[in-house]
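Colleague: After the structure tokens below, expect a handful of questions from me.
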Amino acid sequence: MANRLEENAARHWRFRELITRNNYTTVVERCVCKDDRIPEDGFRLCVTASGRAEISCSNARGERYADEALARLTGKEGTLVAEVEDHPSFALRGIIEGFYGEPYAWEKRHDVIDFLYRHRMNAYFYAPKDDAYHRDLWREPYPQTWLDQIAALVRCARDKEIGFYYCLSPGKDFRFSAEEDYDLLLKKYEQVAALGVDRFAVLFDDICAELSPQDARQFSCAAQAHCHVANILNAKLRHTGSLIFCPTDYAQNTDTPYRRAVRKYLDRDICVIWTGYNCVAEAIPERDCIAARKAFRRPLVLWDNYPVNDFQPKSRIYLDAVCNRTRTIAAYHTGCIANPSALWESSKFALSAMAEWMWNVEMYDEEGAYRRAVREHLGVAEEDYFFAGLNRSTVMRTYPSLKAAFEREDWAYLDGWYVQAERAVLRVRAHCRKELSLEWRDLFNYVLEECRLYRALRSGAEIDGILSAMCSCAYRRADQSILEYVKERTGRDITVPEREVFWDTERR
């Protein structure tokens with residue numbers, strides 16, 4: 001029974017320590033003790049033989065997580081007499097709405113907050129690239145209707161104990177030698193601070209790091225100017241909360257002149273964001289973390305650009321679990337934020353797994369997290385796992401394809417595979433949530449057209465119309481083996497080039 005209880009307790013969150021003699025009791029008393037020595041959001045739970053549940057924690061989230069652990073230790077035979085200790089790998093664990101594309105609707109952002117609450121994450125970063133007021137119109141104050149929506153979202157976050165980080169990206173046209181721009185920037189932050197926001201970030205990513213002639217007379221380089229803005233905000237907003245800074249050189253694993261300037265000019269207490277050695281890092285080894293910490297010499301927050309899909313090719317939906325991050329990564333970072341795609345419902349698959357990873361990097365089980373995410377958001381049928389498997393990410397890992405089967409013309413295997421693929425699409429389309437069905441409409445159509453293409457190839461039927469239908473789909477599978485086969489046999493090419501991979505071993 002103890003093993004089954006432990007498995008149940010570890011279903012979503014593995015305890016760092018669970019000590020028990022296999023005895024059971026009935027809990028008759030619960031007491032909570034505040035202990036600042038316990039890491040933020042962590043807890044210690046002791047269930048005594050006499051039925052006393054003793055919880056030690058440093059904050060309210062830790063108390064809630066301890067209560068969740070207590071519930072998972074309870075079964076038909078009672079509550080397991082045990083000592084449990086658990087705490088997160090990253091103090092800051094969250095989601096940044098930082099993708100290019102249509103920003104989330106306000107009601108969807110409330111669902112983001114609820115998702116964070118349910119998955120032991122504690123931070124939401126408001127930074128939608130295509131929100132005009134965030135980037136292009138950063139000087140413009142929010143109209144009252146927007147302020148009302150932000151205020152409602154801030155209240156929702158506060159009620160769920162989620163830290164709300166307000167971000168601005170003024171770097172496209174900021175005039176670093178003009179006092180007026182500093183005043184406008186500060187007023188924009190203060191407008192949101194008046195709603196109760198006390199966490200902020202200023203982002204200088206994805207801009208040209210060159211100064212205008214006028215700005216160059218005051219600053220030696222763009223990095224110095226960027227740090228000057230961050231330092232002013234840090235001083236002016238210090239009475240409300242902390243500041244996080246995203247530099248222009250956010251995606252390297254080496255030192256750069258820009259980073260040397262950041263090291264020289266940025267306030268020591270400002271956290272710096274980086275994304276790994278590439279904007280979308282296929283892997284983050286320990287040596288890259290060491291290099292980043294040496295380069296910035298500031299507290300680091302990892303901006304993990306996964307499962308975002310706003311890079312080329314823009315025809316993928318990533319349902320896979322995060323992998324290829326060193327198990328020592330938390331030793332070099334104060335936090336980690338994941339960047340979802342504009343397809344919020346689809347992003348939940350990867351984010352559920354990332355929540356497990358952020359909580360316990362050292363004991364993270366990639367395959368288990370992936371299967372739990374599919375079960376949580378789709379179902380437990382064989383077709384559910386098959387369909388999700390069609391859309392595992394090739395960003396961080398390669399998966400078996402149909403290439404060898406087409407090269408061998410192994411029709412028996414391929415016949416069975418395409419029957420299974422069609423069955424999976426039809427079942428998932430009929431049973432998945434409406435929100436997922438809307439996001440996956442083109443993906444369903446693509447796979448069904450691929451099945452039609454396969455049957456046409458087998459029978460010698462015309463394929464031009466099928467290829468046109470496949471091209472009209474916004475999303476497609478990563479495995480293009482059948483399209484490569486068509487290209488080789490007929491010369492008709494509708495393949496989409498995969499994104500370039502920047503692994504060090506492949507650059508040498």
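Naming works like this for the structure tokens: A, B, ... for the chains as they're shown, residue 1 at the start of each chain, ligands 1 onward in shown order.
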Find the residues near range 47-60 of chain A: any atom within 9 Å, counting only C-alpha atoms, skip ones fewer than 5 places away on the same chain, and give them as a ChimeraX atom specification.
Modeller: /A:23-42,65-67,70,79-84,161
Colleague: Please produce a file of the residues just selected, as an mmCIF file, in the first residue's frame, where the atoms kept are N, CA and C atoms.
Modeller:
```cif
data_model
loop_
_atom_site.group_PDB
_atom_site.id
_atom_site.type_symbol
_atom_site.label_atom_id
_atom_site.label_comp_id
_atom_site.auth_asym_id
_atom_site.auth_seq_id
_atom_site.Cartn_x
_atom_site.Cartn_y
_atom_site.Cartn_z
ATOM 1 N N ASN A 23 3.083 3.100 8.342
ATOM 2 C CA ASN A 23 1.952 3.124 9.268
ATOM 3 C C ASN A 23 0.932 4.163 8.809
ATOM 4 N N TYR A 24 -0.302 4.006 9.266
ATOM 5 C CA TYR A 24 -1.371 4.922 8.875
ATOM 6 C C TYR A 24 -2.068 5.474 10.114
ATOM 7 N N THR A 25 -2.654 6.633 9.945
ATOM 8 C CA THR A 25 -3.347 7.273 11.048
ATOM 9 C C THR A 25 -4.523 8.068 10.499
ATOM 10 N N THR A 26 -5.299 8.619 11.391
ATOM 11 C CA THR A 26 -6.355 9.551 11.012
ATOM 12 C C THR A 26 -5.966 10.931 11.508
ATOM 13 N N VAL A 27 -5.883 11.893 10.614
ATOM 14 C CA VAL A 27 -5.463 13.240 11.000
ATOM 15 C C VAL A 27 -6.589 13.913 11.777
ATOM 16 N N VAL A 28 -6.261 14.317 12.996
ATOM 17 C CA VAL A 28 -7.257 14.973 13.854
ATOM 18 C C VAL A 28 -6.857 16.406 14.190
ATOM 19 N N GLU A 29 -5.614 16.758 13.855
ATOM 20 C CA GLU A 29 -5.138 18.103 14.182
ATOM 21 C C GLU A 29 -4.167 18.571 13.106
ATOM 22 N N ARG A 30 -4.285 19.811 12.726
ATOM 23 C CA ARG A 30 -3.384 20.428 11.741
ATOM 24 C C ARG A 30 -2.831 21.705 12.338
ATOM 25 N N CYS A 31 -1.523 21.846 12.309
ATOM 26 C CA CYS A 31 -0.906 23.086 12.811
ATOM 27 C C CYS A 31 0.138 23.565 11.828
ATOM 28 N N VAL A 32 0.306 24.881 11.736
ATOM 29 C CA VAL A 32 1.217 25.506 10.777
ATOM 30 C C VAL A 32 2.204 26.383 11.527
ATOM 31 N N CYS A 33 3.471 26.242 11.171
ATOM 32 C CA CYS A 33 4.534 27.041 11.787
ATOM 33 C C CYS A 33 5.329 27.743 10.696
ATOM 34 N N LYS A 34 5.518 29.040 10.825
ATOM 35 C CA LYS A 34 6.305 29.781 9.838
ATOM 36 C C LYS A 34 7.779 29.578 10.128
ATOM 37 N N ASP A 35 8.530 29.252 9.084
ATOM 38 C CA ASP A 35 9.968 28.979 9.222
ATOM 39 C C ASP A 35 10.686 29.607 8.033
ATOM 40 N N ASP A 36 11.361 30.711 8.266
ATOM 41 C CA ASP A 36 12.036 31.431 7.183
ATOM 42 C C ASP A 36 13.250 30.687 6.640
ATOM 43 N N ARG A 37 13.656 29.633 7.306
ATOM 44 C CA ARG A 37 14.800 28.856 6.803
ATOM 45 C C ARG A 37 14.398 27.966 5.635
ATOM 46 N N ILE A 38 13.114 27.723 5.494
ATOM 47 C CA ILE A 38 12.624 26.883 4.392
ATOM 48 C C ILE A 38 12.578 27.719 3.129
ATOM 49 N N PRO A 39 13.066 27.225 1.997
ATOM 50 C CA PRO A 39 13.050 27.997 0.749
ATOM 51 C C PRO A 39 11.647 28.455 0.388
ATOM 52 N N GLU A 40 11.557 29.593 -0.287
ATOM 53 C CA GLU A 40 10.272 30.135 -0.705
ATOM 54 C C GLU A 40 9.469 29.084 -1.468
ATOM 55 N N ASP A 41 8.197 28.941 -1.112
ATOM 56 C CA ASP A 41 7.249 27.984 -1.688
ATOM 57 C C ASP A 41 7.499 26.557 -1.239
ATOM 58 N N GLY A 42 8.531 26.316 -0.458
ATOM 59 C CA GLY A 42 8.801 24.977 0.031
ATOM 60 C C GLY A 42 8.044 24.689 1.314
ATOM 61 N N TYR A 65 0.869 24.080 -0.781
ATOM 62 C CA TYR A 65 1.490 22.891 -1.363
ATOM 63 C C TYR A 65 1.602 21.777 -0.325
ATOM 64 N N ALA A 66 1.812 22.144 0.936
ATOM 65 C CA ALA A 66 1.860 21.135 1.995
ATOM 66 C C ALA A 66 0.491 20.478 2.166
ATOM 67 N N ASP A 67 -0.567 21.281 2.093
ATOM 68 C CA ASP A 67 -1.912 20.710 2.188
ATOM 69 C C ASP A 67 -2.193 19.772 1.015
ATOM 70 N N LEU A 70 -0.468 16.614 1.801
ATOM 71 C CA LEU A 70 -1.208 15.868 2.816
ATOM 72 C C LEU A 70 -2.367 15.099 2.180
ATOM 73 N N THR A 79 -4.183 8.201 6.550
ATOM 74 C CA THR A 79 -3.089 9.052 6.103
ATOM 75 C C THR A 79 -1.762 8.430 6.515
ATOM 76 N N LEU A 80 -0.844 8.405 5.607
ATOM 77 C CA LEU A 80 0.458 7.796 5.851
ATOM 78 C C LEU A 80 1.212 8.586 6.920
ATOM 79 N N VAL A 81 1.688 7.904 7.944
ATOM 80 C CA VAL A 81 2.566 8.527 8.932
ATOM 81 C C VAL A 81 3.910 8.742 8.254
ATOM 82 N N ALA A 82 4.285 9.996 8.095
ATOM 83 C CA ALA A 82 5.451 10.269 7.258
ATOM 84 C C ALA A 82 6.030 11.639 7.550
ATOM 85 N N GLU A 83 7.261 11.808 7.131
ATOM 86 C CA GLU A 83 7.895 13.127 7.080
ATOM 87 C C GLU A 83 8.183 13.435 5.618
ATOM 88 N N VAL A 84 7.730 14.589 5.159
ATOM 89 C CA VAL A 84 7.894 14.996 3.764
ATOM 90 C C VAL A 84 8.576 16.355 3.722
ATOM 91 N N GLU A 161 -2.217 34.216 -5.629
ATOM 92 C CA GLU A 161 -0.823 34.276 -5.140
ATOM 93 C C GLU A 161 0.183 34.136 -6.278
#
```
Colleague: How close does each residue of range 195-224 of chain A get to range 228-236 of chain A, giving the shortest atom pair and distance in Å to one decimal for every residue with an atom at most 9 Å away, counting only C-alpha atoms, sorted by chain and residue number, as a tab-separated table?
Modeller:
```
residue	atom	partner	partner_atom	distance
A:Ala201	CA	A:Ala230	CA	8.7
A:Val202	CA	A:Ala230	CA	6.8
A:Ala223	CA	A:His228	CA	8.5
A:Gln224	CA	A:His228	CA	6.1
```
Colleague: Step one, run DSSP on the backbone; step two, keep only residues of range 204-253 of chain A assigned to strand (DSSP E); then write them as an NGL selection string.
Modeller: :A and (242-246)
Colleague: With N, CA and C atoms kept, could you save the residues just selected as a compact mmCIF listing (two decimals), in the first residue's frame?
Modeller:
```
# COMPACT_ATOMS: atom_id res chain seq x y z
N SER A 242 10.80 45.00 -7.41
CA SER A 242 12.05 44.64 -8.07
C SER A 242 11.98 44.90 -9.57
N LEU A 243 13.16 44.90 -10.22
CA LEU A 243 13.25 45.12 -11.66
C LEU A 243 14.06 44.01 -12.30
N ILE A 244 13.61 43.59 -13.47
CA ILE A 244 14.32 42.60 -14.28
C ILE A 244 14.63 43.23 -15.62
N PHE A 245 15.81 42.93 -16.17
CA PHE A 245 16.33 43.57 -17.37
C PHE A 245 16.64 42.53 -18.42
N CYS A 246 16.09 42.73 -19.63
CA CYS A 246 16.45 41.86 -20.76
C CYS A 246 17.38 42.62 -21.68
```
Colleague: DSSP on the backbone: which residues in range 259-348 of chain A end up as alpha helix (DSSP H)? Give the answer as a PyMOL selection string.
Modeller: chain A and resi 259-265+286-296+344-348
Colleague: With N, CA, C and O atoms kept, could you save the residues just selected as a compact mmCIF listing (two decimals), in the first residue's frame?
Modeller:
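This went into result.txt:
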```
# COMPACT_ATOMS: atom_id res chain seq x y z
N ARG A 259 27.85 42.72 -23.41
CA ARG A 259 27.76 42.14 -22.08
C ARG A 259 28.82 42.72 -21.14
O ARG A 259 28.57 42.87 -19.94
N ARG A 260 29.97 43.03 -21.68
CA ARG A 260 30.99 43.66 -20.83
C ARG A 260 30.52 45.02 -20.34
O ARG A 260 30.79 45.41 -19.19
N ALA A 261 29.80 45.73 -21.18
CA ALA A 261 29.25 47.03 -20.77
C ALA A 261 28.15 46.84 -19.72
O ALA A 261 28.06 47.62 -18.76
N VAL A 262 27.31 45.83 -19.89
CA VAL A 262 26.29 45.54 -18.88
C VAL A 262 26.95 45.24 -17.54
O VAL A 262 26.51 45.72 -16.48
N ARG A 263 28.00 44.46 -17.60
CA ARG A 263 28.73 44.12 -16.39
C ARG A 263 29.26 45.38 -15.69
O ARG A 263 29.31 45.45 -14.47
N LYS A 264 29.62 46.36 -16.46
CA LYS A 264 30.20 47.58 -15.91
C LYS A 264 29.15 48.56 -15.41
O LYS A 264 29.35 49.20 -14.36
N TYR A 265 28.03 48.68 -16.12
CA TYR A 265 27.11 49.79 -15.85
C TYR A 265 25.81 49.41 -15.14
O TYR A 265 25.18 50.27 -14.52
N GLU A 286 25.59 22.88 -18.71
CA GLU A 286 26.08 23.64 -17.56
C GLU A 286 27.13 24.66 -17.98
O GLU A 286 27.18 25.77 -17.43
N ARG A 287 27.97 24.33 -18.95
CA ARG A 287 29.02 25.27 -19.35
C ARG A 287 28.44 26.58 -19.86
O ARG A 287 29.05 27.64 -19.70
N ASP A 288 27.26 26.53 -20.49
CA ASP A 288 26.63 27.76 -20.96
C ASP A 288 26.11 28.58 -19.80
O ASP A 288 26.15 29.82 -19.83
N CYS A 289 25.59 27.92 -18.79
CA CYS A 289 25.12 28.64 -17.60
C CYS A 289 26.29 29.33 -16.91
O CYS A 289 26.17 30.49 -16.47
N ILE A 290 27.40 28.63 -16.80
CA ILE A 290 28.60 29.22 -16.19
C ILE A 290 29.06 30.43 -16.99
O ILE A 290 29.39 31.48 -16.44
N ALA A 291 29.05 30.29 -18.33
CA ALA A 291 29.48 31.39 -19.19
C ALA A 291 28.58 32.60 -19.04
O ALA A 291 29.04 33.75 -19.00
N ALA A 292 27.26 32.38 -18.95
CA ALA A 292 26.32 33.50 -18.81
C ALA A 292 26.52 34.20 -17.48
O ALA A 292 26.48 35.44 -17.40
N ARG A 293 26.71 33.44 -16.42
CA ARG A 293 26.89 34.07 -15.12
C ARG A 293 28.19 34.87 -15.07
O ARG A 293 28.24 35.96 -14.50
N LYS A 294 29.23 34.33 -15.70
CA LYS A 294 30.49 35.08 -15.76
C LYS A 294 30.34 36.34 -16.60
O LYS A 294 30.94 37.37 -16.30
N ALA A 295 29.57 36.25 -17.67
CA ALA A 295 29.42 37.39 -18.57
C ALA A 295 28.64 38.53 -17.93
O ALA A 295 28.99 39.70 -18.09
N PHE A 296 27.56 38.21 -17.21
CA PHE A 296 26.71 39.27 -16.65
C PHE A 296 27.04 39.61 -15.20
O PHE A 296 26.87 40.75 -14.78
N TRP A 344 -2.78 29.14 -27.01
CA TRP A 344 -2.68 28.92 -25.58
C TRP A 344 -3.06 27.50 -25.18
O TRP A 344 -2.36 26.85 -24.39
N GLU A 345 -4.15 26.97 -25.72
CA GLU A 345 -4.58 25.63 -25.32
C GLU A 345 -3.54 24.58 -25.70
O GLU A 345 -3.26 23.65 -24.94
N SER A 346 -2.93 24.73 -26.86
CA SER A 346 -1.88 23.79 -27.28
C SER A 346 -0.65 23.93 -26.41
O SER A 346 0.04 22.93 -26.12
N SER A 347 -0.36 25.15 -25.99
CA SER A 347 0.85 25.38 -25.18
C SER A 347 0.77 24.70 -23.83
O SER A 347 1.81 24.42 -23.21
N LYS A 348 -0.43 24.41 -23.37
CA LYS A 348 -0.57 23.82 -22.04
C LYS A 348 0.14 22.47 -21.92
O LYS A 348 0.59 22.10 -20.83
```
Colleague: Compile the contact shell of Tyr418 in chain A as number ranges by chain: residues with an atom at most 9 Å away, counting only C-alpha atoms, same-chain residues fewer than 5 positions apart removed.
Modeller: A: 413, 423, 450-451, 454-455
Colleague: Nearest to Gln149 in chain A: which of A:Gly379, A:Asp464, A:Ala132, A:Ala105 is it, counting only C-alpha atoms?
Modeller: A:Ala105
